[in-house]
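A.B. asks: Contents of upload_18.pdb (PDB, C-alpha atoms) are below:
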```
ATOM      1  CA  MET A  11     133.276 111.045 102.632
ATOM      2  CA  ARG A  12     130.919 112.269 105.330
ATOM      3  CA  ASN A  13     131.409 115.855 104.209
ATOM      4  CA  LEU A  14     130.568 114.873 100.632
ATOM      5  CA  VAL A  15     127.346 113.187 101.747
ATOM      6  CA  ARG A  16     126.483 116.296 103.767
ATOM      7  CA  ARG A  17     127.158 118.456 100.709
ATOM      8  CA  GLN A  18     124.842 116.294  98.617
ATOM      9  CA  PHE A  19     122.141 116.571 101.252
ATOM     10  CA  GLU A  20     122.364 120.351 101.401
ATOM     11  CA  ARG A  21     122.350 120.575  97.613
ATOM     12  CA  ASN A  22     119.358 118.279  97.074
ATOM     13  CA  ARG A  23     117.388 118.764 100.291
ATOM     14  CA  ALA A  24     114.590 120.898  98.822
ATOM     15  CA  PHE A  25     114.166 118.602  95.808
ATOM     16  CA  LEU A  26     113.952 115.457  97.937
ATOM     17  CA  ILE A  27     111.556 116.950 100.475
ATOM     18  CA  ALA A  28     109.293 118.166  97.666
ATOM     19  CA  ALA A  29     109.336 114.750  95.965
ATOM     20  CA  ALA A  30     108.572 113.000  99.278
ATOM     21  CA  LEU A  31     105.674 115.335 100.089
ATOM     22  CA  VAL A  32     104.153 115.008  96.623
ATOM     23  CA  LEU A  33     104.422 111.208  96.593
ATOM     24  CA  GLY A  34     103.074 110.865 100.123
ATOM     25  CA  GLY A  35     100.266 113.301  99.321
ATOM     26  CA  PHE A  36      99.412 111.458  96.114
ATOM     27  CA  GLU A  37      99.130 108.098  97.850
ATOM     28  CA  PHE A  38      97.068 109.661 100.661
ATOM     29  CA  LEU A  39      94.793 111.283  98.072
ATOM     30  CA  CYS A  40      94.280 107.909  96.388
ATOM     31  CA  CYS A  41      93.016 106.574  99.725
ATOM     32  CA  ALA A  42      90.648 109.541 100.001
ATOM     33  CA  ILE A  43      89.276 108.852  96.519
ATOM     34  CA  VAL A  44      88.781 105.166  97.238
ATOM     35  CA  ALA A  45      86.989 105.976 100.490
ATOM     36  CA  SER A  46      84.611 108.460  98.846
ATOM     37  CA  VAL A  47      83.660 106.422  95.757
ATOM     38  CA  GLU A  48      81.914 103.089  95.353
ATOM     39  CA  VAL A  49      84.866 101.632  93.492
ATOM     40  CA  SER A  50      83.450  98.462  91.988
ATOM     41  CA  GLY A  51      80.354 100.231  90.656
ATOM     42  CA  ALA A  52      82.355 103.114  89.212
ATOM     43  CA  LEU A  53      84.753 100.775  87.434
ATOM     44  CA  ALA A  54      81.877  98.688  86.110
ATOM     45  CA  GLN A  55      80.357 101.774  84.502
ATOM     46  CA  ILE A  56      83.692 102.843  83.060
ATOM     47  CA  THR A  57      84.446  99.435  81.560
ATOM     48  CA  GLN A  58      80.964  99.231  80.077
ATOM     49  CA  PHE A  59      81.587 102.201  77.791
ATOM     50  CA  ALA A  60      85.387 102.351  77.669
ATOM     51  CA  PRO A  61      87.433 101.436  74.574
ATOM     52  CA  PRO A  62      88.943  97.932  74.564
ATOM     53  CA  VAL A  63      92.415  99.216  75.505
ATOM     54  CA  VAL A  64      91.146 101.078  78.560
ATOM     55  CA  ARG A  65      89.006  98.093  79.539
ATOM     56  CA  ALA A  66      92.036  95.808  79.298
ATOM     57  CA  MET A  67      94.101  98.173  81.455
ATOM     58  CA  ILE A  68      91.446  98.165  84.175
ATOM     59  CA  GLU A  69      91.066  94.397  84.088
ATOM     60  CA  GLN A  70      94.831  93.854  84.228
ATOM     61  CA  ASN A  71      95.666  96.399  86.923
ATOM     62  CA  MET A  72      92.504  96.463  89.060
ATOM     63  CA  PRO A  73      90.935  92.992  88.849
ATOM     64  CA  GLY A  74      87.661  92.835  90.745
ATOM     65  CA  GLY A  75      87.636  96.573  91.356
ATOM     66  CA  SER A  76      88.301  96.212  95.088
ATOM     67  CA  PRO A  77      89.716  99.153  97.101
ATOM     68  CA  SER A  78      92.918  97.151  97.637
ATOM     69  CA  ALA A  79      93.342  96.641  93.896
ATOM     70  CA  VAL A  80      92.862 100.350  93.207
ATOM     71  CA  LEU A  81      95.372 101.336  95.894
ATOM     72  CA  ALA A  82      97.815  98.776  94.518
ATOM     73  CA  PHE A  83      97.403 100.374  91.095
ATOM     74  CA  ALA A  84      98.297 103.711  92.698
ATOM     75  CA  TRP A  85     101.763 102.234  93.177
ATOM     76  CA  ASN A  86     101.981 101.442  89.480
ATOM     77  CA  HIS A  87     100.636 104.829  88.449
ATOM     78  CA  PRO A  88     102.875 107.014  86.248
ATOM     79  CA  VAL A  89     102.904 109.694  88.965
ATOM     80  CA  ALA A  90     104.518 107.348  91.493
ATOM     81  CA  HIS A  91     107.019 106.097  88.930
ATOM     82  CA  ALA A  92     107.830 109.604  87.688
ATOM     83  CA  LEU A  93     108.581 111.021  91.142
ATOM     84  CA  LEU A  94     110.857 108.179  92.184
ATOM     85  CA  THR A  95     112.528 107.928  88.783
ATOM     86  CA  ALA A  96     113.246 111.665  88.884
ATOM     87  CA  VAL A  97     115.321 111.025  92.013
ATOM     88  CA  ALA A  98     116.934 107.912  90.500
ATOM     89  CA  ILE A  99     118.050 109.898  87.441
ATOM     90  CA  THR A 100     118.830 113.383  88.758
ATOM     91  CA  LEU A 101     121.262 112.358  91.483
ATOM     92  CA  PRO A 102     123.553 110.063  89.428
ATOM     93  CA  ALA A 103     123.486 112.403  86.439
ATOM     94  CA  ARG A 104     124.937 115.128  88.653
ATOM     95  CA  ALA A 105     127.301 112.803  90.524
ATOM     96  CA  ILE A 106     130.018 112.441  87.890
ATOM     97  CA  ALA A 107     129.034 114.011  84.569
ATOM     98  CA  GLY A 108     127.483 117.036  86.231
ATOM     99  CA  GLU A 109     130.464 117.662  88.489
ATOM    100  CA  SER A 110     132.841 117.107  85.564
ATOM    101  CA  GLU A 111     130.877 119.616  83.494
ATOM    102  CA  THR A 112     131.307 122.309  86.143
ATOM    103  CA  GLY A 113     134.867 121.315  87.056
ATOM    104  CA  VAL A 114     133.946 120.810  90.716
ATOM    105  CA  ILE A 115     134.982 117.160  90.691
ATOM    106  CA  GLU A 116     138.640 118.134  90.189
ATOM    107  CA  LEU A 117     138.524 120.334  93.290
ATOM    108  CA  LEU A 118     136.859 117.608  95.338
ATOM    109  CA  LEU A 119     139.309 114.899  94.315
ATOM    110  CA  ALA A 120     142.246 117.227  94.916
ATOM    111  CA  GLN A 121     141.421 116.831  98.602
ATOM    112  CA  PRO A 122     142.306 113.661 100.564
ATOM    113  CA  LEU A 123     139.384 111.816  99.006
ATOM    114  CA  SER A 124     139.849 108.726  96.861
ATOM    115  CA  ARG A 125     137.703 107.931  93.844
ATOM    116  CA  ALA A 126     136.325 104.917  95.683
ATOM    117  CA  GLU A 127     135.205 107.138  98.565
ATOM    118  CA  TYR A 128     133.720 109.677  96.158
ATOM    119  CA  PHE A 129     131.776 106.954  94.342
ATOM    120  CA  ALA A 130     130.642 105.333  97.602
ATOM    121  CA  ALA A 131     129.435 108.665  98.986
ATOM    122  CA  HIS A 132     127.202 109.293  95.973
ATOM    123  CA  LEU A 133     125.922 105.711  96.040
ATOM    124  CA  VAL A 134     125.098 105.842  99.758
ATOM    125  CA  PHE A 135     123.376 109.195  99.415
ATOM    126  CA  GLY A 136     121.433 108.046  96.347
ATOM    127  CA  MET A 137     120.191 104.919  98.107
ATOM    128  CA  ALA A 138     119.226 106.929 101.193
ATOM    129  CA  ALA A 139     117.390 109.479  99.035
ATOM    130  CA  LEU A 140     115.409 106.782  97.235
ATOM    131  CA  ALA A 141     114.532 105.135 100.544
ATOM    132  CA  PHE A 142     113.420 108.478 102.004
ATOM    133  CA  VAL A 143     111.072 109.395  99.140
ATOM    134  CA  LEU A 144     109.726 105.861  98.813
ATOM    135  CA  GLY A 145     109.169 105.628 102.568
ATOM    136  CA  ALA A 146     107.185 108.871 102.486
ATOM    137  CA  GLY A 147     104.923 107.411  99.805
ATOM    138  CA  LEU A 148     104.313 104.220 101.771
ATOM    139  CA  LEU A 149     103.632 106.289 104.864
ATOM    140  CA  GLY A 150     101.011 108.202 102.869
ATOM    141  CA  THR A 151      99.313 104.911 101.978
ATOM    142  CA  ALA A 152      99.410 103.598 105.548
ATOM    143  CA  ILE A 153      98.110 106.853 107.063
ATOM    144  CA  GLY A 154      95.438 107.184 104.382
ATOM    145  CA  GLN A 155      94.126 103.671 105.010
ATOM    146  CA  GLN A 156      94.032 104.292 108.741
ATOM    147  CA  PHE A 157      92.456 107.747 108.434
ATOM    148  CA  TYR A 158      89.682 106.669 106.055
ATOM    149  CA  GLY A 159      89.015 103.296 107.643
ATOM    150  CA  ILE A 160      90.223 101.272 104.664
ATOM    151  CA  GLU A 161      91.524  97.786 105.340
ATOM    152  CA  GLY A 162      95.291  98.104 105.617
ATOM    153  CA  PHE A 163      97.826  96.128 103.638
ATOM    154  CA  GLY A 164      99.900  95.343 106.701
ATOM    155  CA  ALA A 165     103.541  96.052 107.474
ATOM    156  CA  GLY A 166     104.788  92.876 105.748
ATOM    157  CA  ARG A 167     103.268  93.689 102.370
ATOM    158  CA  LEU A 168     104.300  97.330 102.529
ATOM    159  CA  ALA A 169     107.847  96.236 103.360
ATOM    160  CA  ALA A 170     107.848  93.834 100.405
ATOM    161  CA  LEU A 171     106.621  96.615  98.129
ATOM    162  CA  PHE A 172     109.382  98.859  99.484
ATOM    163  CA  VAL A 173     112.034  96.293  98.557
ATOM    164  CA  ASN A 174     110.596  95.701  95.079
ATOM    165  CA  MET A 175     110.212  99.375  94.173
ATOM    166  CA  PHE A 176     113.555 100.266  95.763
ATOM    167  CA  LEU A 177     115.393  97.678  93.670
ATOM    168  CA  LEU A 178     113.614  98.861  90.507
ATOM    169  CA  GLN A 179     114.645 102.463  91.101
ATOM    170  CA  LEU A 180     118.146 101.398  92.188
ATOM    171  CA  ALA A 181     118.524  99.643  88.839
ATOM    172  CA  ILE A 182     117.570 102.870  87.038
ATOM    173  CA  PHE A 183     119.927 104.810  89.334
ATOM    174  CA  ALA A 184     122.749 102.384  88.558
ATOM    175  CA  VAL A 185     122.380 102.504  84.777
ATOM    176  CA  THR A 186     122.222 106.310  84.907
ATOM    177  CA  LEU A 187     125.336 106.380  87.080
ATOM    178  CA  ALA A 188     127.093 104.190  84.511
ATOM    179  CA  ALA A 189     126.117 106.692  81.796
ATOM    180  CA  SER A 190     127.334 109.488  84.069
ATOM    181  CA  ALA A 191     130.707 107.763  84.428
ATOM    182  CA  TYR A 192     131.078 107.873  80.638
ATOM    183  CA  GLY A 193     129.508 111.292  80.092
ATOM    184  CA  GLN A 194     130.624 114.875  80.334
ATOM    185  CA  GLU A 195     127.246 116.647  80.521
ATOM    186  CA  ALA A 196     124.552 116.011  83.120
ATOM    187  CA  GLY A 197     121.775 116.903  80.680
ATOM    188  CA  ARG A 198     122.727 114.231  78.172
ATOM    189  CA  VAL A 199     123.161 111.639  80.895
ATOM    190  CA  ALA A 200     119.730 112.483  82.299
ATOM    191  CA  ILE A 201     118.199 112.082  78.846
ATOM    192  CA  ALA A 202     119.793 108.631  78.579
ATOM    193  CA  GLY A 203     118.385 107.669  81.977
ATOM    194  CA  VAL A 204     114.917 108.925  81.033
ATOM    195  CA  LEU A 205     115.008 106.927  77.793
ATOM    196  CA  VAL A 206     115.912 103.733  79.654
ATOM    197  CA  ALA A 207     113.119 104.267  82.202
ATOM    198  CA  VAL A 208     110.461 105.248  79.647
ATOM    199  CA  VAL A 209     111.279 102.418  77.250
ATOM    200  CA  SER A 210     111.248  99.916  80.114
ATOM    201  CA  PHE A 211     107.882 101.219  81.347
ATOM    202  CA  LEU A 212     106.317 101.183  77.867
ATOM    203  CA  VAL A 213     107.606  97.695  77.041
ATOM    204  CA  ASN A 214     106.059  96.395  80.248
ATOM    205  CA  ALA A 215     102.766  98.194  79.542
ATOM    206  CA  ILE A 216     102.552  96.814  75.999
ATOM    207  CA  ALA A 217     103.483  93.309  77.131
ATOM    208  CA  THR A 218     100.796  93.486  79.823
ATOM    209  CA  LEU A 219      98.047  94.555  77.422
ATOM    210  CA  TRP A 220      99.042  92.559  74.335
ATOM    211  CA  SER A 221      99.310  88.795  74.764
ATOM    212  CA  LYS A 222     101.622  88.382  71.766
ATOM    213  CA  ALA A 223     104.178  90.685  73.385
ATOM    214  CA  GLN A 224     104.200  89.039  76.815
ATOM    215  CA  PHE A 225     107.654  87.584  76.189
ATOM    216  CA  ALA A 226     109.064  91.120  76.277
ATOM    217  CA  ARG A 227     108.111  91.614  79.928
ATOM    218  CA  ALA A 228     111.112  89.629  81.085
ATOM    219  CA  TRP A 229     113.380  92.119  79.274
ATOM    220  CA  SER A 230     111.837  95.141  80.967
ATOM    221  CA  LEU A 231     112.973  96.358  84.376
ATOM    222  CA  HIS A 232     109.379  97.294  85.176
ATOM    223  CA  GLY A 233     108.280  93.785  84.260
ATOM    224  CA  HIS A 234     109.902  92.642  87.504
ATOM    225  CA  TYR A 235     107.875  95.054  89.611
ATOM    226  CA  GLU A 236     104.506  93.667  90.777
ATOM    227  CA  PRO A 237     102.709  95.913  93.288
ATOM    228  CA  ARG A 238      99.342  94.258  92.596
ATOM    229  CA  ASP A 239     100.569  90.765  93.496
ATOM    230  CA  ILE A 240     102.426  92.037  96.556
ATOM    231  CA  LEU A 241      99.700  94.228  98.032
ATOM    232  CA  THR A 242      96.551  92.283  97.152
ATOM    233  CA  GLN A 243      97.832  88.709  97.340
ATOM    234  CA  GLY A 244     100.996  88.916  99.416
ATOM    235  CA  GLN A 245     102.979  87.213  96.668
ATOM    236  CA  VAL A 246     106.603  88.262  96.230
ATOM    237  CA  SER A 247     108.672  87.036  93.300
ATOM    238  CA  VAL A 248     112.121  86.274  94.662
ATOM    239  CA  ALA A 249     113.351  85.756  91.091
ATOM    240  CA  SER A 250     112.266  89.285  90.129
ATOM    241  CA  LEU A 251     114.004  90.774  93.151
ATOM    242  CA  ALA A 252     117.165  88.839  92.309
ATOM    243  CA  ILE A 253     117.091  90.010  88.684
ATOM    244  CA  LEU A 254     116.716  93.669  89.663
ATOM    245  CA  ALA A 255     119.449  93.367  92.294
ATOM    246  CA  ALA A 256     121.791  91.638  89.840
ATOM    247  CA  PHE A 257     121.165  94.258  87.147
ATOM    248  CA  ALA A 258     121.835  97.081  89.619
ATOM    249  CA  THR A 259     125.027  95.401  90.846
ATOM    250  CA  ILE A 260     126.388  94.880  87.330
ATOM    251  CA  ALA A 261     125.575  98.456  86.308
ATOM    252  CA  LEU A 262     127.188  99.846  89.475
ATOM    253  CA  ALA A 263     130.295  97.744  88.881
ATOM    254  CA  ALA A 264     130.518  99.039  85.309
ATOM    255  CA  ALA A 265     130.056 102.606  86.543
ATOM    256  CA  TYR A 266     132.816 102.287  89.145
ATOM    257  CA  ARG A 267     135.239 100.646  86.735
ATOM    258  CA  ARG A 268     134.811 103.433  84.202
ATOM    259  CA  PHE A 269     134.981 106.150  86.859
ATOM    260  CA  SER A 270     138.154 104.727  88.395
ATOM    261  CA  GLN A 271     139.893 104.729  84.990
ATOM    262  CA  ARG A 272     138.604 107.847  83.233
ATOM    263  CA  ASP A 273     140.468 111.110  82.931
ATOM    264  CA  LEU A 274     138.906 114.087  84.664
ATOM    265  CA  PRO A 275     137.178 116.273  83.776
TER     266      PRO A 275
END
```
Is it possible to express this structure as structure tokens?
C.D. replies:
Amino acid sequence: MRNLVRRQFERNRAFLIAAALVLGGFEFLCCAIVASVEVSGALAQITQFAPPVVRAMIEQNMPGGSPSAVLAFAWNHPVAHALLTAVAITLPARAIAGESETGVIELLLAQPLSRAEYFAAHLVFGMAALAFVLGAGLLGTAIGQQFYGIEGFGAGRLAALFVNMFLLQLAIFAVTLAASAYGQEAGRVAIAGVLVAVVSFLVNAIATLWSKAQFARAWSLHGHYEPRDILTQGQVSVASLAILAAFATIALAAAYRRFSQRDLP
């Protein structure tokens, strides 16, 4: 199992380091922008002339226009989601379907390695990879706030954000791994994972901006991710964390059951 984790690290090292550097750099850059611009005045001018949809987005995601609200929005920005979701989709898509497509999985399982150990190795590596990239992003925020003299969020709120975002991306990882357990081609599995993530993100965005669609938020994975409440108010929804954790657990259980029973390749 250890050798399999090492193999995954060597195979994905460049990708993960690049994702971590970009996310950390993006969050640091957001701090630089906040420090160099009079945020509340700039947002007031934008909302004065912006279309209603853009105005609603600003009011929902950056209430009050404070530096903290803008930096919290940076953690709900499509760039942050895209980088982490790329990790949450790429790794599980390759784990089973990708290795079946190339025939490598037969060679690996021909060694003294059980399917449970193979599955656990990919799960452990995937969780470590998500934690690594996410930690780099949070480090970028913390260093940026310190460097530019912006009031920091504090370790407690950053830790709460870590847990919330980690569980969101773990849920996407899990559902993609379940698709990988059923699939034969990594490309098709990745497309399925992207569709789940994009639909979830869009449903949450629409439900946030349109009052008549608010009921749909509960059915979106992203609807249980609240960086604004965590970072600006210190409020953590235990129910949302439980829902994301439960969804990830069920999807992982479904993935393992299928993988343990399927014929290979």
A.B. asks: Evaluate the PyMOL selection byres ((chain A and resi 82) around 8) against this structure - the residues, as an NGL selection string, please.
C.D. replies: :A and (72 or 78-81 or 83-86 or 237-238 or 241-242)
A.B. asks: What lies within 9 Å of segment 178-182 of chain A using all atoms listed in the file, ignoring chain neighbours under 4 positions off, as a PyMOL selection string?
C.D. replies: chain A and resi 91+94-95+97-99+136-137+140+173-174+186-187+203-204+206-207+231-232+234-235+251+254-259+261-262
A.B. asks: Can you work out the spacing between atom CA of Ala215 of chain A and atom CA of Ala90 of chain A in Å, to one decimal?
C.D. replies: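 Atom CA of Ala90 of chain A lies at a distance of 15.2 Å from atom CA of Ala215 of chain A.
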A.B. asks: Could you list, as a PyMOL selection string, every residue within 6 Å of Ala191 of chain A, counting all atoms listed in the file and ignoring same-chain residues fewer than 2 positions away?
C.D. replies: chain A and resi 106+188-189+193+265+268-269
A.B. asks: Using all atoms listed in the file for the distances, tell me which of A:Ala228, A:Leu177, A:Leu39, A:Ala130 is nearest to Ala252 of chain A.
C.D. replies: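 Closest residue, counting all atoms listed in the file: A:Leu177.
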A.B. asks: Can you put N, CA and C atoms back into segment 91-105 of chain A and show it as an mmCIF file, in the coordinates of the input?
C.D. replies:
```cif
data_model
loop_
_atom_site.group_PDB
_atom_site.id
_atom_site.type_symbol
_atom_site.label_atom_id
_atom_site.label_comp_id
_atom_site.auth_asym_id
_atom_site.auth_seq_id
_atom_site.Cartn_x
_atom_site.Cartn_y
_atom_site.Cartn_z
ATOM 1 N N HIS A 91 105.789 106.434 89.641
ATOM 2 C CA HIS A 91 107.019 106.097 88.930
ATOM 3 C C HIS A 91 107.816 107.351 88.590
ATOM 4 N N ALA A 92 107.131 108.391 88.121
ATOM 5 C CA ALA A 92 107.830 109.604 87.688
ATOM 6 C C ALA A 92 108.576 110.274 88.834
ATOM 7 N N LEU A 93 107.951 110.351 90.004
ATOM 8 C CA LEU A 93 108.581 111.021 91.142
ATOM 9 C C LEU A 93 109.827 110.271 91.606
ATOM 10 N N LEU A 94 109.709 108.959 91.731
ATOM 11 C CA LEU A 94 110.857 108.179 92.184
ATOM 12 C C LEU A 94 111.949 108.106 91.122
ATOM 13 N N THR A 95 111.538 107.993 89.856
ATOM 14 C CA THR A 95 112.528 107.928 88.783
ATOM 15 C C THR A 95 113.253 109.249 88.624
ATOM 16 N N ALA A 96 112.577 110.357 88.926
ATOM 17 C CA ALA A 96 113.246 111.665 88.884
ATOM 18 C C ALA A 96 114.423 111.695 89.853
ATOM 19 N N VAL A 97 114.232 111.110 91.039
ATOM 20 C CA VAL A 97 115.321 111.025 92.013
ATOM 21 C C VAL A 97 116.410 110.082 91.511
ATOM 22 N N ALA A 98 115.987 108.933 90.960
ATOM 23 C CA ALA A 98 116.934 107.912 90.500
ATOM 24 C C ALA A 98 117.754 108.368 89.307
ATOM 25 N N ILE A 99 117.320 109.409 88.603
ATOM 26 C CA ILE A 99 118.050 109.898 87.441
ATOM 27 C C ILE A 99 118.825 111.180 87.754
ATOM 28 N N THR A 100 118.196 112.088 88.480
ATOM 29 C CA THR A 100 118.830 113.383 88.758
ATOM 30 C C THR A 100 120.119 113.247 89.553
ATOM 31 N N LEU A 101 120.089 112.458 90.613
ATOM 32 C CA LEU A 101 121.262 112.358 91.483
ATOM 33 C C LEU A 101 122.475 111.749 90.785
ATOM 34 N N PRO A 102 122.360 110.609 90.099
ATOM 35 C CA PRO A 102 123.553 110.063 89.428
ATOM 36 C C PRO A 102 124.005 110.888 88.236
ATOM 37 N N ALA A 103 123.080 111.564 87.566
ATOM 38 C CA ALA A 103 123.486 112.403 86.439
ATOM 39 C C ALA A 103 124.394 113.536 86.907
ATOM 40 N N ARG A 104 124.107 114.062 88.091
ATOM 41 C CA ARG A 104 124.937 115.128 88.653
ATOM 42 C C ARG A 104 126.233 114.591 89.264
ATOM 43 N N ALA A 105 126.215 113.338 89.708
ATOM 44 C CA ALA A 105 127.301 112.803 90.524
ATOM 45 C C ALA A 105 128.662 112.874 89.852
#
```
